[in-house]
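Engineer: My structure file start-v7.txt, compact mmCIF, C-alpha atoms, is below:
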```txt
# COMPACT_ATOMS: atom_id res chain seq x y z
CA MET G 1 24.64 -17.69 0.11
CA ARG G 2 26.89 -14.72 0.66
CA HIS G 3 27.98 -11.66 -1.25
CA PHE G 4 31.04 -12.22 -3.42
CA GLY G 5 30.64 -15.93 -2.78
CA HIS G 6 30.95 -16.49 -6.54
CA LEU G 7 34.62 -15.44 -6.32
CA ALA G 8 37.34 -17.96 -5.61
CA PRO G 9 38.50 -18.07 -1.96
CA ASP G 10 42.01 -16.85 -2.83
CA ILE G 11 40.58 -13.78 -4.60
CA ARG G 12 38.29 -13.01 -1.66
CA LYS G 13 41.27 -13.25 0.67
CA THR G 14 43.10 -10.69 -1.47
CA LEU G 15 40.16 -8.28 -1.40
CA PHE G 16 38.75 -8.49 2.11
CA HIS G 17 40.01 -7.60 5.56
CA LYS G 18 36.79 -9.20 6.84
CA GLU G 19 34.78 -11.36 4.43
CA PRO G 20 30.97 -11.18 4.08
CA VAL G 21 29.09 -13.61 6.30
CA GLU G 22 26.92 -16.39 4.94
CA PHE G 23 23.13 -16.10 5.21
CA THR G 24 20.11 -18.13 4.14
CA ALA G 25 16.47 -17.42 3.37
CA ASP G 26 15.76 -18.36 6.99
CA SER G 27 18.18 -15.79 8.48
CA PRO G 28 16.78 -13.02 10.72
CA ALA G 29 14.92 -10.24 8.94
CA ARG G 30 17.51 -7.65 10.01
CA THR G 31 20.24 -9.67 8.30
CA LEU G 32 18.24 -10.22 5.11
CA ALA G 33 17.23 -6.55 4.83
CA ALA G 34 20.86 -5.47 5.00
CA ALA G 35 21.93 -8.19 2.54
CA LEU G 36 19.35 -7.54 -0.23
CA GLY G 37 21.93 -5.56 -2.18
CA ALA G 38 21.11 -5.15 -5.86
CA THR G 39 17.64 -6.65 -6.21
CA LEU G 40 17.32 -7.72 -9.83
CA TYR G 41 13.86 -7.61 -11.43
CA SER G 42 12.81 -10.01 -14.17
CA PRO G 43 9.46 -10.34 -15.99
CA ALA G 44 7.67 -13.50 -14.88
CA THR G 45 6.84 -14.28 -18.52
CA ARG G 46 10.43 -15.17 -19.50
CA PRO G 47 10.40 -18.68 -21.02
CA ARG G 48 13.76 -19.56 -19.43
CA LEU G 49 13.13 -17.83 -16.14
CA ALA G 50 14.50 -20.63 -13.97
CA ALA G 51 17.69 -20.84 -16.03
CA ASP G 52 18.05 -17.05 -15.86
CA VAL G 53 17.73 -17.10 -12.05
CA LEU G 54 20.37 -19.81 -11.71
CA LYS G 55 22.70 -17.95 -14.09
CA GLN G 56 22.42 -14.71 -12.13
CA ALA G 57 22.88 -16.48 -8.80
CA ALA G 58 26.14 -17.93 -10.12
CA ARG G 59 27.25 -14.37 -10.96
CA GLY G 60 26.66 -13.01 -7.46
CA VAL G 61 22.99 -11.93 -7.46
CA THR G 62 21.49 -12.59 -4.02
CA SER G 63 17.95 -11.22 -4.41
CA MET G 64 15.53 -11.23 -7.35
CA VAL G 65 11.96 -10.13 -8.01
CA LEU G 66 9.87 -12.10 -10.50
CA CYS G 67 7.44 -9.48 -11.74
CA LEU G 68 3.78 -9.85 -12.65
CA GLU G 69 3.09 -6.11 -12.58
CA ASP G 70 4.41 -3.23 -14.73
CA SER G 71 7.06 -5.27 -16.55
CA ILE G 72 4.42 -7.33 -18.38
CA GLY G 73 1.33 -6.39 -20.38
CA ASP G 74 -2.16 -6.49 -18.89
CA GLY G 75 -3.08 -9.34 -21.21
CA ASP G 76 -0.09 -11.44 -20.15
CA VAL G 77 -0.89 -11.81 -16.46
CA ALA G 78 -2.50 -15.24 -16.62
CA ALA G 79 0.31 -16.63 -18.78
CA GLY G 80 2.85 -14.98 -16.47
CA GLU G 81 1.32 -16.65 -13.42
CA GLU G 82 1.32 -20.03 -15.12
CA ASN G 83 4.93 -19.62 -16.20
CA LEU G 84 5.97 -18.42 -12.75
CA VAL G 85 4.48 -21.47 -11.04
CA ARG G 86 6.13 -23.82 -13.53
CA GLN G 87 9.53 -22.12 -13.32
CA LEU G 88 9.51 -22.05 -9.52
CA GLY G 89 8.98 -25.81 -9.66
CA LEU G 90 12.12 -26.09 -11.80
CA LEU G 91 14.03 -23.94 -9.32
CA ASP G 92 12.84 -26.16 -6.48
CA GLU G 93 14.27 -29.16 -8.32
CA ALA G 94 17.54 -27.31 -8.93
CA ALA G 95 17.84 -26.41 -5.25
CA ASP G 96 17.30 -30.05 -4.35
CA ARG G 97 20.28 -30.85 -6.59
CA GLY G 98 22.39 -28.45 -4.55
CA GLU G 99 22.31 -25.42 -6.86
CA ASP G 100 22.29 -22.01 -5.18
CA LEU G 101 19.24 -19.74 -5.40
CA PRO G 102 18.96 -16.06 -4.52
CA LEU G 103 16.23 -14.72 -2.27
CA LEU G 104 13.14 -14.83 -4.49
CA PHE G 105 10.17 -12.46 -4.35
CA VAL G 106 7.11 -12.12 -6.59
CA ARG G 107 5.72 -8.72 -7.51
CA VAL G 108 1.95 -9.03 -7.73
CA ARG G 109 -0.80 -6.70 -8.97
CA GLU G 110 -3.68 -7.60 -6.66
CA PRO G 111 -3.86 -8.92 -3.08
CA ALA G 112 -5.79 -12.05 -4.10
CA GLN G 113 -2.90 -13.20 -6.27
CA MET G 114 -0.76 -14.04 -3.23
CA PRO G 115 -2.80 -16.83 -1.60
CA ASP G 116 -3.75 -18.11 -5.05
CA LEU G 117 -0.13 -18.33 -6.23
CA VAL G 118 1.00 -19.95 -2.98
CA ARG G 119 -1.68 -22.61 -3.42
CA ARG G 120 -0.64 -23.25 -7.02
CA MET G 121 3.08 -23.40 -6.20
CA GLY G 122 2.63 -26.37 -3.89
CA PRO G 123 5.84 -27.61 -2.22
CA ALA G 124 7.97 -25.28 -4.39
CA VAL G 125 6.73 -22.34 -2.30
CA ARG G 126 9.55 -23.16 0.13
CA ARG G 127 11.87 -21.38 -2.34
CA LEU G 128 9.88 -18.13 -2.09
CA SER G 129 10.91 -15.43 0.39
CA GLY G 130 7.94 -13.13 -0.10
CA PHE G 131 6.05 -10.65 -2.23
CA VAL G 132 6.56 -7.11 -3.54
CA LEU G 133 3.44 -4.98 -3.04
CA PRO G 134 2.94 -2.20 -5.65
CA LYS G 135 1.35 1.25 -5.30
CA PHE G 136 1.34 0.85 -1.52
CA THR G 137 -0.84 3.20 0.55
CA ALA G 138 -2.54 2.76 3.92
CA GLU G 139 -5.74 1.56 2.26
CA SER G 140 -4.29 -0.75 -0.41
CA GLY G 141 -1.50 -1.84 1.90
CA GLN G 142 -3.87 -3.17 4.53
CA LEU G 143 -5.55 -5.38 1.92
CA PHE G 144 -2.19 -6.60 0.62
CA LEU G 145 -0.88 -7.42 4.08
CA GLU G 146 -4.05 -9.24 5.09
CA ALA G 147 -3.77 -11.34 1.92
CA LEU G 148 -0.10 -12.02 2.72
CA ALA G 149 -1.15 -13.33 6.14
CA LEU G 150 -3.56 -15.72 4.39
CA ALA G 151 -0.78 -16.85 2.06
CA GLU G 152 1.50 -17.47 5.03
CA SER G 153 -1.15 -19.54 6.76
CA ALA G 154 -1.78 -21.52 3.58
CA CYS G 155 1.85 -22.54 3.10
CA GLY G 156 2.97 -22.63 6.73
CA ARG G 157 6.13 -20.60 6.24
CA ARG G 158 7.39 -17.07 6.73
CA LEU G 159 6.74 -14.75 3.80
CA PHE G 160 8.03 -11.18 3.77
CA ALA G 161 6.45 -8.09 2.26
CA MET G 162 8.36 -5.40 0.38
CA PRO G 163 5.90 -2.53 -0.21
CA VAL G 164 6.67 -0.17 -3.09
CA LEU G 165 6.10 3.50 -2.31
CA GLU G 166 5.12 4.99 -5.67
CA SER G 167 1.57 6.32 -5.49
CA PRO G 168 0.64 9.85 -6.71
CA GLN G 169 -0.78 10.58 -3.24
CA LEU G 170 2.72 10.23 -1.84
CA LEU G 171 4.19 12.49 -4.50
CA HIS G 172 1.63 15.31 -4.38
CA LEU G 173 2.46 17.90 -1.73
CA GLU G 174 -1.10 18.40 -0.49
CA SER G 175 -1.55 14.69 0.32
CA ARG G 176 2.01 13.63 1.13
CA ALA G 177 2.03 14.07 4.90
CA ALA G 178 -1.27 12.24 5.42
CA THR G 179 -0.25 9.47 3.01
CA LEU G 180 3.08 8.97 4.74
CA ALA G 181 1.42 8.92 8.16
CA GLY G 182 -1.04 6.29 6.96
CA ILE G 183 1.70 4.14 5.45
CA ALA G 184 3.68 4.42 8.68
CA ARG G 185 0.74 3.17 10.74
CA THR G 186 0.09 0.29 8.36
CA VAL G 187 3.66 -1.02 8.15
CA GLU G 188 4.16 -0.59 11.90
CA ALA G 189 1.13 -2.81 12.54
CA HIS G 190 2.77 -5.49 10.37
CA ARG G 191 6.41 -4.83 11.26
CA ASP G 192 7.35 -8.51 11.53
CA ARG G 193 6.31 -9.08 7.91
CA VAL G 194 7.83 -5.96 6.30
CA LEU G 195 11.39 -6.71 5.18
CA ALA G 196 12.08 -3.42 3.38
CA LEU G 197 10.34 -0.50 1.71
CA ARG G 198 11.12 0.13 -1.96
CA LEU G 199 10.90 3.48 -3.78
CA GLY G 200 9.14 3.66 -7.16
CA VAL G 201 10.90 6.67 -8.62
CA THR G 202 9.87 5.88 -12.21
CA ASP G 203 6.22 6.31 -11.20
CA PHE G 204 7.06 9.56 -9.40
CA CYS G 205 8.63 10.95 -12.56
CA SER G 206 5.73 9.69 -14.67
CA ALA G 207 3.24 11.77 -12.70
CA TYR G 208 4.95 14.92 -14.04
CA GLY G 209 6.07 13.65 -17.43
CA LEU G 210 9.72 13.55 -16.35
CA ARG G 211 12.57 11.20 -17.08
CA ARG G 212 16.09 11.72 -15.78
CA ALA G 213 18.97 11.56 -18.26
CA PRO G 214 21.80 9.02 -17.82
CA ASP G 215 24.13 11.68 -16.43
CA MET G 216 21.61 12.73 -13.77
CA THR G 217 20.66 11.03 -10.50
CA ALA G 218 17.27 10.85 -8.81
CA TYR G 219 18.57 13.50 -6.43
CA ASP G 220 19.00 15.98 -9.31
CA VAL G 221 15.24 15.81 -9.93
CA GLN G 222 14.12 18.03 -7.09
CA ILE G 223 10.53 16.84 -6.87
CA VAL G 224 11.77 13.26 -6.55
CA ALA G 225 14.51 14.18 -4.10
CA SER G 226 11.95 15.88 -1.87
CA VAL G 227 9.84 12.70 -1.69
CA ILE G 228 12.87 10.54 -0.89
CA ALA G 229 13.81 12.94 1.91
CA ASP G 230 10.30 12.84 3.39
CA VAL G 231 10.07 9.05 3.16
CA VAL G 232 13.38 8.67 4.99
CA ASN G 233 12.33 11.33 7.50
CA VAL G 234 9.19 9.43 8.48
CA LEU G 235 10.04 5.79 7.76
CA GLY G 236 13.84 5.52 7.91
CA ARG G 237 14.67 6.75 11.40
CA ALA G 238 17.53 5.12 13.31
CA ASP G 239 15.73 5.13 16.66
CA GLY G 240 14.25 1.66 16.26
CA THR G 241 11.04 2.82 14.59
CA GLY G 242 12.45 2.93 11.06
CA PHE G 243 12.58 0.42 8.21
CA THR G 244 15.17 -0.45 5.58
CA ILE G 245 14.45 1.71 2.51
CA THR G 246 16.02 0.66 -0.77
CA GLY G 247 17.46 2.86 -3.50
CA PRO G 248 15.50 3.67 -6.69
CA VAL G 249 15.88 1.90 -9.99
CA TRP G 250 18.52 2.95 -12.54
CA GLU G 251 16.95 2.80 -16.00
CA TYR G 252 19.96 2.84 -18.32
CA PHE G 253 22.00 -0.17 -19.37
CA ARG G 254 23.99 0.55 -22.53
CA LEU G 255 27.02 -0.84 -20.71
CA HIS G 256 27.18 -4.62 -20.61
CA GLU G 257 29.74 -6.81 -18.91
CA ARG G 258 31.05 -7.87 -22.33
CA MET G 259 32.46 -4.37 -22.77
CA PHE G 260 34.83 -5.10 -19.89
CA LYS G 261 36.03 -8.49 -21.08
CA PRO G 262 38.92 -7.49 -23.38
CA GLN G 263 40.59 -5.32 -20.78
CA LEU G 264 39.96 -7.85 -18.01
CA ARG G 265 41.91 -10.47 -19.94
CA ARG G 266 44.89 -8.17 -20.41
CA SER G 267 46.09 -7.67 -16.87
CA PRO G 268 45.64 -8.71 -13.22
CA PHE G 269 42.63 -7.07 -11.58
CA LEU G 270 44.66 -5.03 -9.11
CA GLY G 271 46.46 -3.11 -11.87
CA GLN G 272 43.58 -1.61 -13.85
CA ALA G 273 42.06 1.09 -11.69
CA GLU G 274 42.38 4.10 -13.99
CA GLU G 275 41.52 2.19 -17.15
CA LEU G 276 38.35 0.77 -15.64
CA ARG G 277 37.36 4.09 -14.07
CA THR G 278 37.60 5.74 -17.49
CA THR G 279 35.55 2.95 -19.07
CA LEU G 280 32.82 3.35 -16.46
CA ILE G 281 32.48 7.07 -17.11
CA GLU G 282 32.60 6.75 -20.88
CA HIS G 283 29.75 4.25 -20.93
CA ASP G 284 27.18 6.16 -18.86
CA MET G 285 27.93 4.43 -15.56
CA ASP G 286 29.06 7.61 -13.84
CA GLY G 287 25.44 8.58 -13.12
CA LEU G 288 24.72 5.17 -11.59
CA LEU G 289 27.83 5.30 -9.41
CA ARG G 290 26.99 8.78 -8.15
CA GLU G 291 23.40 7.74 -7.43
CA ILE G 292 24.51 4.70 -5.42
CA GLU G 293 26.73 6.93 -3.28
CA LEU G 294 23.91 9.45 -2.84
CA ASP G 295 21.51 6.64 -1.90
CA ARG G 296 23.69 5.75 1.06
CA ALA G 297 24.29 9.39 1.99
CA ASN G 298 20.52 9.85 2.13
CA GLY G 299 19.81 6.78 4.26
CA LEU G 300 18.94 4.18 1.60
CA THR G 301 20.25 0.60 1.49
CA GLY G 302 20.56 -1.59 -1.60
CA LYS G 303 18.99 -0.78 -4.97
CA THR G 304 16.32 -1.89 -7.43
CA CYS G 305 18.00 -3.12 -10.64
CA ILE G 306 16.54 -3.98 -14.02
CA HIS G 307 19.75 -5.10 -15.73
CA PRO G 308 22.49 -7.54 -14.63
CA SER G 309 25.25 -5.03 -15.43
CA HIS G 310 24.10 -2.90 -12.48
CA VAL G 311 24.57 -5.61 -9.86
CA ALA G 312 28.37 -5.62 -9.55
CA PRO G 313 28.67 -1.82 -9.13
CA VAL G 314 25.97 -1.80 -6.43
CA HIS G 315 27.67 -4.60 -4.52
CA ALA G 316 31.18 -3.18 -4.93
CA LEU G 317 30.04 0.16 -3.53
CA SER G 318 28.28 -1.60 -0.65
CA VAL G 319 31.50 -3.07 0.75
CA VAL G 320 32.61 -1.24 3.90
CA SER G 321 35.98 0.44 3.50
CA HIS G 322 38.74 -0.30 5.97
CA GLU G 323 38.54 3.32 7.15
CA GLU G 324 34.78 3.14 7.78
CA TYR G 325 35.21 -0.12 9.69
CA SER G 326 38.00 1.35 11.79
CA ASP G 327 35.87 4.35 12.73
CA ALA G 328 32.77 2.26 13.46
CA THR G 329 34.56 -0.23 15.70
CA ASP G 330 36.29 2.60 17.59
CA ILE G 331 32.97 4.34 18.22
CA LEU G 332 31.29 1.15 19.48
CA ARG G 333 34.01 0.03 21.88
CA PRO G 334 32.43 -0.69 25.32
CA GLU G 335 34.73 1.80 27.01
CA ARG G 336 33.21 4.54 24.79
CA ASP G 337 29.68 4.07 26.16
CA ASP G 338 29.92 7.28 28.16
CA GLY G 339 30.40 9.30 24.98
CA GLY G 340 33.11 11.77 24.17
CA VAL G 341 35.14 12.68 21.12
CA LEU G 342 38.12 10.84 19.66
CA ARG G 343 40.38 11.30 16.68
CA SER G 344 39.97 8.78 13.88
CA ALA G 345 42.69 6.14 13.63
CA TYR G 346 43.19 7.53 10.12
CA THR G 347 43.82 10.94 11.77
CA ASN G 348 41.58 12.74 9.28
CA LYS G 349 38.30 13.26 11.14
CA MET G 350 36.56 13.59 14.49
CA ASN G 351 34.48 10.65 15.75
CA GLU G 352 31.89 11.88 18.24
CA VAL G 353 30.69 8.76 20.01
CA LYS G 354 27.04 9.47 20.79
CA PRO G 355 26.02 11.27 17.54
CA HIS G 356 27.88 8.74 15.38
CA ARG G 357 26.69 5.61 17.20
CA ALA G 358 23.69 4.89 14.92
CA TRP G 359 25.92 5.34 11.85
CA ALA G 360 28.48 2.95 13.34
CA GLU G 361 25.85 0.29 14.07
CA ARG G 362 24.50 0.49 10.52
CA THR G 363 28.03 0.33 9.13
CA LEU G 364 28.86 -2.86 11.03
CA LEU G 365 25.59 -4.43 9.86
CA ARG G 366 26.59 -3.62 6.28
CA ALA G 367 30.06 -5.02 7.01
CA GLU G 368 28.51 -8.35 7.98
CA ALA G 369 26.55 -8.50 4.72
CA PHE G 370 29.14 -7.14 2.28
CA GLY G 371 32.45 -7.47 4.09
CA VAL G 372 35.25 -5.04 4.87
CA ALA G 373 37.82 -4.24 2.18
CA ARG G 374 41.53 -4.42 2.85
CA GLU G 375 43.23 -1.12 3.47
CA ASP G 376 44.57 -0.83 -0.09
CA ILE G 377 41.41 -2.10 -1.84
CA GLY G 378 38.79 0.26 -3.27
CA PHE G 379 35.68 0.16 -5.43
CA VAL G 380 37.46 -0.33 -8.75
CA GLU G 381 39.43 -3.36 -7.53
CA LEU G 382 36.26 -4.92 -6.08
CA LEU G 383 34.30 -4.30 -9.27
CA THR G 384 37.05 -5.58 -11.54
CA ALA G 385 37.44 -8.76 -9.51
CA SER G 386 33.67 -9.32 -9.64
CA LEU G 387 33.70 -9.15 -13.43
CA GLN G 388 36.61 -11.51 -14.01
CA PRO G 389 35.76 -14.25 -16.52
CA ALA G 390 34.97 -17.55 -14.84
```
Could you render the structure as structure tokens?

Structural biologist:
Amino acid sequence: MRHFGHLAPDIRKTLFHKEPVEFTADSPARTLAAALGATLYSPATRPRLAADVLKQAARGVTSMVLCLEDSIGDGDVAAGEENLVRQLGLLDEAADRGEDLPLLFVRVREPAQMPDLVRRMGPAVRRLSGFVLPKFTAESGQLFLEALALAESACGRRLFAMPVLESPQLLHLESRAATLAGIARTVEAHRDRVLALRLGVTDFCSAYGLRRAPDMTAYDVQIVASVIADVVNVLGRADGTGFTITGPVWEYFRLHERMFKPQLRRSPFLGQAEELRTTLIEHDMDGLLREIELDRANGLTGKTCIHPSHVAPVHALSVVSHEEYSDATDILRPERDDGGVLRSAYTNKMNEVKPHRAWAERTLLRAEAFGVAREDIGFVELLTASLQPA
């Protein structure tokens, strides 16, 4: 699989200076963490779950979470597990026929579910990349990760963990530092299994009876912004001790791809920038776009998504611009190893080699996953191309 792989080769050639690389579920963890992109959640109870997964994969989704936790009722867990096992079997058959699958994860409620589900999945477990671990703290996390090790042993394949940081102990000021320190020790002890850390901002807001409006980002809610900053401070460092931390969920989805279709049929995708930009703002997407930009500015990679209409904007804004790529490659030239300052090739900024090195390395990793846009291609062109009718 690869990002924008659902687009025709001639369209990709028009958009990209450097196309996204291909990756598989067996790629190195560093590659997969950077390539998660918009991770789309779906309740495990959906009757046509396998068909939904295949449909989204054909539209460019590269990672999905099949959820047995908050997205389904307490009384639906057993039925959800049964449906999940059956639908994963159907996906296994589809993959054998040559159909593409995204990276697949299961969000569980209890540690014991993981080895039990792996046993019930049988050979189809080979299509599973790992599990999402809710309400993760040092205490609960240790139990989850020990159960994941049992699940790995039972199926004989690598399974990743994606802990969700969403507990009240992490939010509350008096317990935050100790909770973060405990989480840091736990994930460090299991570093090889932890693919990424996910932020549960909806649970943070719930603890104070808050809900952000569609024109506000998570960073406008100060109590949430403070937690994100502390999580990145402790767990997202660029010195080799940090982890990939993904952006919070965006809850609103009044805009659907169908709203784009009439205008997409009217003109070539490179000639619609202002019209599409206006449409995005009018239909409550401006908040999402600002939040995606703020996610990256605050050290987060990718995003939790609960609606397919969010995927294309996340991926379009993840593409490395030609200017960013130019700066990053200049900074990382071997002859620059001694440091120093140089003027950007775009002649609009200073690139200071040593302070900007970590940024440049992260940028080139993102460039591998999402590609580098041509010099005259921006977000709107990438998004419009992604939404072209098949």

Engineer: For Gly89 of chain G, please output as JSON, numbers by chain all residues within 10 Å (counting all atoms listed in the file; exclusion window: fewer than 5 positions along the same chain).

Structural biologist: {"G": [50, 83, 84, 94, 95, 121, 122, 123, 124, 125, 127]}

Engineer: With all atoms listed in the file as the counted atoms, please give the residues lying no more than 12 Å from Glu293 of chain G, apart from itself and same-chain residues fewer than 2 positions off, as an mmCIF file with C-alpha atoms, keeping the file's coordinate frame.

Structural biologist:
```cif
data_model
loop_
_atom_site.group_PDB
_atom_site.id
_atom_site.type_symbol
_atom_site.label_atom_id
_atom_site.label_comp_id
_atom_site.auth_asym_id
_atom_site.auth_seq_id
_atom_site.Cartn_x
_atom_site.Cartn_y
_atom_site.Cartn_z
ATOM 1 C CA THR G 217 20.660 11.030 -10.500
ATOM 2 C CA ALA G 218 17.270 10.850 -8.810
ATOM 3 C CA TYR G 219 18.570 13.500 -6.430
ATOM 4 C CA GLY G 247 17.460 2.860 -3.500
ATOM 5 C CA ASP G 286 29.060 7.610 -13.840
ATOM 6 C CA GLY G 287 25.440 8.580 -13.120
ATOM 7 C CA LEU G 288 24.720 5.170 -11.590
ATOM 8 C CA LEU G 289 27.830 5.300 -9.410
ATOM 9 C CA ARG G 290 26.990 8.780 -8.150
ATOM 10 C CA GLU G 291 23.400 7.740 -7.430
ATOM 11 C CA ASP G 295 21.510 6.640 -1.900
ATOM 12 C CA ARG G 296 23.690 5.750 1.060
ATOM 13 C CA ALA G 297 24.290 9.390 1.990
ATOM 14 C CA ASN G 298 20.520 9.850 2.130
ATOM 15 C CA GLY G 299 19.810 6.780 4.260
ATOM 16 C CA LEU G 300 18.940 4.180 1.600
ATOM 17 C CA THR G 301 20.250 0.600 1.490
ATOM 18 C CA GLY G 302 20.560 -1.590 -1.600
ATOM 19 C CA LYS G 303 18.990 -0.780 -4.970
ATOM 20 C CA PRO G 313 28.670 -1.820 -9.130
ATOM 21 C CA VAL G 314 25.970 -1.800 -6.430
ATOM 22 C CA HIS G 315 27.670 -4.600 -4.520
ATOM 23 C CA ALA G 316 31.180 -3.180 -4.930
ATOM 24 C CA LEU G 317 30.040 0.160 -3.530
ATOM 25 C CA SER G 318 28.280 -1.600 -0.650
ATOM 26 C CA VAL G 319 31.500 -3.070 0.750
ATOM 27 C CA PHE G 379 35.680 0.160 -5.430
#
```

Engineer: Would you kindly return, as a VMD selection string, each protein, DNA or RNA residue with an atom no farther than 8 Å from any atom of segment 203-205 of chain G, considering all atoms listed in the file and excluding same-chain residues fewer than 2 positions away?

Structural biologist: chain G and resid 166 to 168 171 200 to 201 207 to 211 224

Engineer: Measuring atom to atom with only C-alpha atoms, identify which of G:Asp10, G:Asp376, G:Glu174, G:Asp52 is nearest to Leu90 of chain G.

Structural biologist: G:Asp52

Engineer: In Å, with one decimal, what is the gap from atom CA of Arg107 of chain G to atom CA of Val85 of chain G?

Structural biologist: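 Going from atom CA of Arg107 of chain G over to atom CA of Val85 of chain G, I get 13.3 Å.
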
Engineer: Could you state the separation of atom CA of His6 of chain G and atom CA of Arg158 of chain G in Å, given to one decimal place?

Structural biologist: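 These atoms are spaced 27.0 Å apart.
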
Engineer: How many Å separate atom CA of Ala328 of chain G from atom CA of Asn233 of chain G?

Structural biologist: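 Distance reported for this atom pair: 23.1 Å.
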
Engineer: Calculated over only C-alpha atoms, which of the candidates G:Val227, G:Arg86, G:Val187, G:Leu133 has the smallest distance to His172 of chain G?

Structural biologist: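 Comparing G:Val227, G:Arg86, G:Val187, G:Leu133 against His172 of chain G, the winner is G:Val227.
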
Engineer: Measuring atom to atom with only C-alpha atoms, identify which of G:Glu188, G:Glu324, G:Glu335, G:Asp116 is nearest to Asn351 of chain G.

Structural biologist: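 Smallest distance to Asn351 of chain G is found for G:Glu324.
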
Engineer: Please determine an axis-aligned box that encloses all atoms of segment 307-324 of chain G listed in the file, with 5 Å added on each side, and express its centre and edge lengths in Å to one decimal as lines of an AutoDock Vina configuration file.

Structural biologist:
```
center_x = 29.2
center_y = -2.1
center_z = -4.0
size_x = 29.0
size_y = 20.9
size_z = 33.5
```

Engineer: For a quick check of understanding, using only C-alpha atoms, which of G:Arg157, G:Arg333, G:Arg366, G:His190 has the smallest distance to His3 of chain G?

Structural biologist: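 For His3 of chain G, the nearest of the given residues is G:Arg366.
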
Engineer: Can you tell me which residues surround Leu150 of chain G at a distance of at most 10 Å, considering only C-alpha atoms, apart from same-chain residues fewer than 6 positions away, and format the answer as number ranges by chain?

Structural biologist: G: 112, 114-116, 118, 144, 156

Engineer: Which protein, DNA or RNA residues have an atom at most 12 Å from (27.9, -17.5, -14.2), counting all atoms listed in the file? List them as a list of chain:residue names.

Structural biologist: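 Output of the proximity query reads G:Gly5, G:His6, G:Leu7, G:Ala51, G:Asp52, G:Val53, G:Leu54, G:Lys55, G:Gln56, G:Ala57, G:Ala58, G:Arg59, G:Gly60, G:Val61, G:Asp100, G:Glu257, G:Pro308, G:Ser386, G:Leu387, G:Gln388, G:Pro389, G:Ala390.
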
Engineer: Those same residues - C-alpha atoms - I'd like them written as a PDB file, in the coordinates of the input.

Structural biologist:
```pdb
ATOM      1  CA  GLY G   5      30.640 -15.930  -2.780  1.00  0.00           C
ATOM      2  CA  HIS G   6      30.950 -16.490  -6.540  1.00  0.00           C
ATOM      3  CA  LEU G   7      34.620 -15.440  -6.320  1.00  0.00           C
ATOM      4  CA  ALA G  51      17.690 -20.840 -16.030  1.00  0.00           C
ATOM      5  CA  ASP G  52      18.050 -17.050 -15.860  1.00  0.00           C
ATOM      6  CA  VAL G  53      17.730 -17.100 -12.050  1.00  0.00           C
ATOM      7  CA  LEU G  54      20.370 -19.810 -11.710  1.00  0.00           C
ATOM      8  CA  LYS G  55      22.700 -17.950 -14.090  1.00  0.00           C
ATOM      9  CA  GLN G  56      22.420 -14.710 -12.130  1.00  0.00           C
ATOM     10  CA  ALA G  57      22.880 -16.480  -8.800  1.00  0.00           C
ATOM     11  CA  ALA G  58      26.140 -17.930 -10.120  1.00  0.00           C
ATOM     12  CA  ARG G  59      27.250 -14.370 -10.960  1.00  0.00           C
ATOM     13  CA  GLY G  60      26.660 -13.010  -7.460  1.00  0.00           C
ATOM     14  CA  VAL G  61      22.990 -11.930  -7.460  1.00  0.00           C
ATOM     15  CA  ASP G 100      22.290 -22.010  -5.180  1.00  0.00           C
ATOM     16  CA  GLU G 257      29.740  -6.810 -18.910  1.00  0.00           C
ATOM     17  CA  PRO G 308      22.490  -7.540 -14.630  1.00  0.00           C
ATOM     18  CA  SER G 386      33.670  -9.320  -9.640  1.00  0.00           C
ATOM     19  CA  LEU G 387      33.700  -9.150 -13.430  1.00  0.00           C
ATOM     20  CA  GLN G 388      36.610 -11.510 -14.010  1.00  0.00           C
ATOM     21  CA  PRO G 389      35.760 -14.250 -16.520  1.00  0.00           C
ATOM     22  CA  ALA G 390      34.970 -17.550 -14.840  1.00  0.00           C
TER      23      ALA G 390
END
```

Engineer: Please list, as a list in words, the residues that have an atom at most 9 Å away from (-1.9, 9.4, 3.5) in the coordinates of this file, counting all atoms listed in the file.

Structural biologist: Thr137, Ala138, Glu139, Gln169, Leu170, Ser175, Arg176, Ala177, Ala178, Thr179, Leu180, Ala181, Gly182 and Ile183 of chain G
